[in-house]
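Shown next: start37.pdb, given as PDB, C-alpha atoms.
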```
MODEL        1
ATOM      1  CA  MET A  43      45.056  17.184 -75.065  1.00  0.00           C
ATOM      2  CA  GLY A  44      46.687  17.513 -78.465  1.00  0.00           C
ATOM      3  CA  GLU A  45      46.365  15.299 -81.494  1.00  0.00           C
ATOM      4  CA  LEU A  46      44.797  11.861 -81.044  1.00  0.00           C
ATOM      5  CA  VAL A  47      46.634   8.646 -81.818  1.00  0.00           C
ATOM      6  CA  ALA A  48      45.452   5.079 -81.283  1.00  0.00           C
ATOM      7  CA  MET A  49      46.906   2.623 -78.794  1.00  0.00           C
ATOM      8  CA  MET A  50      46.455  -1.125 -79.107  1.00  0.00           C
ATOM      9  CA  ILE A  51      45.500  -2.803 -75.852  1.00  0.00           C
ATOM     10  CA  LEU A  52      45.665  -6.582 -75.555  1.00  0.00           C
ATOM     11  CA  ILE A  53      44.460  -8.421 -72.462  1.00  0.00           C
ATOM     12  CA  GLY A  54      45.150 -12.098 -71.900  1.00  0.00           C
ATOM     13  CA  CYS A  55      43.087 -14.184 -69.488  1.00  0.00           C
ATOM     14  CA  SER A  56      43.905 -17.598 -68.097  1.00  0.00           C
ATOM     15  CA  SER A  57      40.557 -17.726 -66.270  1.00  0.00           C
ATOM     16  CA  GLN A  58      37.492 -15.506 -65.797  1.00  0.00           C
ATOM     17  CA  THR A  59      39.185 -13.655 -62.936  1.00  0.00           C
ATOM     18  CA  ILE A  60      42.884 -13.658 -63.858  1.00  0.00           C
ATOM     19  CA  CYS A  61      43.729 -11.252 -66.682  1.00  0.00           C
ATOM     20  CA  HIS A  62      46.786  -9.163 -67.514  1.00  0.00           C
ATOM     21  CA  THR A  63      48.034  -6.769 -70.160  1.00  0.00           C
ATOM     22  CA  LEU A  64      49.915  -8.336 -73.053  1.00  0.00           C
ATOM     23  CA  PRO A  65      52.594  -6.385 -74.930  1.00  0.00           C
ATOM     24  CA  PRO A  66      51.594  -5.929 -78.583  1.00  0.00           C
ATOM     25  CA  GLU A  67      54.293  -5.954 -81.244  1.00  0.00           C
ATOM     26  CA  GLN A  68      53.466  -2.290 -81.865  1.00  0.00           C
ATOM     27  CA  ALA A  69      51.443  -0.340 -79.291  1.00  0.00           C
ATOM     28  CA  VAL A  70      50.820   3.092 -80.850  1.00  0.00           C
ATOM     29  CA  TYR A  71      49.464   3.895 -84.304  1.00  0.00           C
ATOM     30  CA  ALA A  72      48.947   7.155 -86.169  1.00  0.00           C
ATOM     31  CA  SER A  73      45.253   6.391 -86.673  1.00  0.00           C
ATOM     32  CA  ARG A  74      42.503   4.209 -85.253  1.00  0.00           C
ATOM     33  CA  ALA A  75      41.993   2.630 -88.685  1.00  0.00           C
ATOM     34  CA  GLU A  76      45.633   1.496 -88.835  1.00  0.00           C
ATOM     35  CA  CYS A  77      45.410   0.059 -85.313  1.00  0.00           C
ATOM     36  CA  GLU A  78      42.151  -1.758 -86.023  1.00  0.00           C
ATOM     37  CA  ALA A  79      43.603  -3.270 -89.212  1.00  0.00           C
ATOM     38  CA  ARG A  80      46.354  -4.897 -87.128  1.00  0.00           C
ATOM     39  CA  LEU A  81      44.213  -5.840 -84.124  1.00  0.00           C
ATOM     40  CA  LYS A  82      42.867  -9.204 -85.302  1.00  0.00           C
ATOM     41  CA  PRO A  83      46.302 -10.587 -86.324  1.00  0.00           C
ATOM     42  CA  ALA A  84      47.717  -9.440 -82.955  1.00  0.00           C
ATOM     43  CA  ILE A  85      44.913 -11.209 -81.075  1.00  0.00           C
ATOM     44  CA  LEU A  86      45.373 -14.410 -83.081  1.00  0.00           C
ATOM     45  CA  ASP A  87      49.127 -14.334 -82.395  1.00  0.00           C
ATOM     46  CA  ALA A  88      48.543 -13.845 -78.655  1.00  0.00           C
ATOM     47  CA  LEU A  89      46.218 -16.871 -78.571  1.00  0.00           C
ATOM     48  CA  SER A  90      49.280 -19.078 -78.886  1.00  0.00           C
ATOM     49  CA  LYS A  91      50.178 -18.030 -75.323  1.00  0.00           C
ATOM     50  CA  GLU A  92      46.830 -17.350 -73.617  1.00  0.00           C
ATOM     51  CA  ASN A  93      43.484 -19.160 -73.269  1.00  0.00           C
ATOM     52  CA  GLU A  94      41.466 -16.039 -74.016  1.00  0.00           C
ATOM     53  CA  VAL A  95      42.528 -12.709 -75.518  1.00  0.00           C
ATOM     54  CA  HIS A  96      40.636  -9.419 -75.625  1.00  0.00           C
ATOM     55  CA  GLY A  97      41.783  -6.451 -77.662  1.00  0.00           C
ATOM     56  CA  THR A  98      40.835  -2.934 -78.607  1.00  0.00           C
ATOM     57  CA  CYS A  99      42.230   0.248 -80.089  1.00  0.00           C
ATOM     58  CA  ALA A 100      41.789   3.228 -77.781  1.00  0.00           C
ATOM     59  CA  ASP A 101      42.127   6.863 -78.764  1.00  0.00           C
ATOM     60  CA  VAL A 102      44.791   8.562 -76.647  1.00  0.00           C
ATOM     61  CA  GLY A 103      46.490  11.947 -76.797  1.00  0.00           C
ATOM     62  CA  SER A 104      49.800  12.357 -78.569  1.00  0.00           C
ATOM     63  CA  THR A 105      51.189  13.596 -75.225  1.00  0.00           C
ATOM     64  CA  ILE A 106      52.004   9.947 -74.468  1.00  0.00           C
ATOM     65  CA  PHE A 107      55.212  10.619 -76.426  1.00  0.00           C
ATOM     66  CA  GLU A 108      56.140  13.606 -74.261  1.00  0.00           C
ATOM     67  CA  ARG A 109      55.847  12.167 -70.741  1.00  0.00           C
ATOM     68  CA  ASP A 110      55.031   9.044 -68.792  1.00  0.00           C
ATOM     69  CA  VAL A 111      51.354   8.255 -69.123  1.00  0.00           C
ATOM     70  CA  SER A 112      49.581   5.289 -67.623  1.00  0.00           C
ATOM     71  CA  VAL A 113      46.762   3.538 -69.405  1.00  0.00           C
ATOM     72  CA  THR A 114      44.068   2.060 -67.196  1.00  0.00           C
ATOM     73  CA  TRP A 115      41.657  -0.571 -68.421  1.00  0.00           C
ATOM     74  CA  ALA A 116      38.706  -2.549 -67.152  1.00  0.00           C
ATOM     75  CA  LEU A 117      37.294  -5.672 -68.732  1.00  0.00           C
ATOM     76  CA  SER A 118      33.527  -6.121 -68.482  1.00  0.00           C
ATOM     77  CA  SER A 119      31.822  -9.490 -68.142  1.00  0.00           C
ATOM     78  CA  ASP A 120      30.773  -9.331 -71.812  1.00  0.00           C
ATOM     79  CA  GLY A 121      34.377  -8.851 -72.983  1.00  0.00           C
ATOM     80  CA  ARG A 122      34.285  -5.097 -73.561  1.00  0.00           C
ATOM     81  CA  ILE A 123      37.353  -3.053 -72.715  1.00  0.00           C
ATOM     82  CA  ASP A 124      37.073   0.404 -71.159  1.00  0.00           C
ATOM     83  CA  ALA A 125      40.443   2.179 -71.393  1.00  0.00           C
ATOM     84  CA  PHE A 126      41.672   5.673 -70.610  1.00  0.00           C
ATOM     85  CA  THR A 127      44.925   7.469 -69.927  1.00  0.00           C
ATOM     86  CA  ALA A 128      45.636   8.856 -66.465  1.00  0.00           C
ATOM     87  CA  ASP A 129      46.358  12.410 -67.636  1.00  0.00           C
ATOM     88  CA  ASP A 130      43.270  12.862 -69.838  1.00  0.00           C
ATOM     89  CA  ASP A 131      41.132  15.911 -69.144  1.00  0.00           C
ATOM     90  CA  ALA A 132      38.219  14.073 -70.717  1.00  0.00           C
ATOM     91  CA  ASP A 133      37.553  10.359 -70.511  1.00  0.00           C
ATOM     92  CA  GLN A 134      38.947   8.818 -73.704  1.00  0.00           C
ATOM     93  CA  SER A 135      37.029   5.583 -73.331  1.00  0.00           C
ATOM     94  CA  ASP A 136      36.558   2.755 -75.725  1.00  0.00           C
ATOM     95  CA  THR A 137      33.888   0.225 -74.985  1.00  0.00           C
ATOM     96  CA  SER A 138      34.392  -1.938 -78.015  1.00  0.00           C
ATOM     97  CA  GLY A 139      36.904  -4.554 -78.859  1.00  0.00           C
ATOM     98  CA  MET A 140      37.492  -8.068 -80.057  1.00  0.00           C
ATOM     99  CA  ILE A 141      37.646 -11.313 -78.174  1.00  0.00           C
ATOM    100  CA  ALA A 142      39.116 -14.648 -79.169  1.00  0.00           C
ATOM    101  CA  GLN A 143      39.302 -17.950 -77.339  1.00  0.00           C
ATOM    102  CA  ARG A 144      41.172 -21.170 -77.965  1.00  0.00           C
TER     103      ARG A 144
ENDMDL
END
```
Starting from the coordinates I provided, produce the structure as structure tokens.
Amino acid sequence: MGELVAMMILIGCSSQTICHTLPPEQAVYASRAECEARLKPAILDALSKENEVHGTCADVGSTIFERDVSVTWALSSDGRIDAFTADDDADQSDTSGMIAQR
């Protein structure tokens, strides 16, 4: 798959059943550590527009720069985000994340 980079995923929810992807100020980072350092401020900023915000940094292949790649996510009832890219040979999942509510 090539070198791994980290992608910030933010999900805003207006109710328990209506959620959508939010565009972060910066989506891709050179490392997971850099992404995670900017995750909490991004979530707090998004709370000005949404009732509830979930966020995570998912490891993805650097091939996202070379072609169109879709990122799929699922939000569990406990606020965990499972994310992976459509062209991954292996499941690059992340089942962690942060949640914030107004």
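Each of A:Ile60, A:Val70, A:Leu81, A:Leu117 was checked against A:Asn93 using only C-alpha atoms; the smallest atom-to-atom distance is that of A:Ile60.
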Q | Contacts of stretch 49-52 of chain A within 9 Å, only C-alpha atoms, excl. fewer than 4 positions in-chain, as an NGL selection string | A | :A and (62-66 or 68-74 or 77-78 or 80-81 or 84-85 or 88 or 95-102 or 115 or 123 or 125)
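Proximity ranking of A:Glu67, A:Gln58, A:Ile53, A:Asp87 relative to A:Asp124 places A:Ile53 first, based on all atoms listed in the file.
Closest approach to A:Ser90 among A:Cys61, A:Ala75, A:Ser119, A:Gly54 is made by A:Gly54 (distances from only C-alpha atoms).
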Q. Which distance in Å separates atom CA of A:Ala79 and atom CA of A:Ser56, to one decimal?
A. 25.5 Å
Q. Which one of A:Glu94, A:Val113, A:Leu89, A:Glu76 sits closest to A:Ser57 if you count only C-alpha atoms?
A.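 Of A:Glu94, A:Val113, A:Leu89, A:Glu76, the one nearest A:Ser57 is A:Glu94, counting only C-alpha atoms.
As for atom CA of A:Leu46 and atom CA of A:Gly103, they are spaced 4.6 Å apart.
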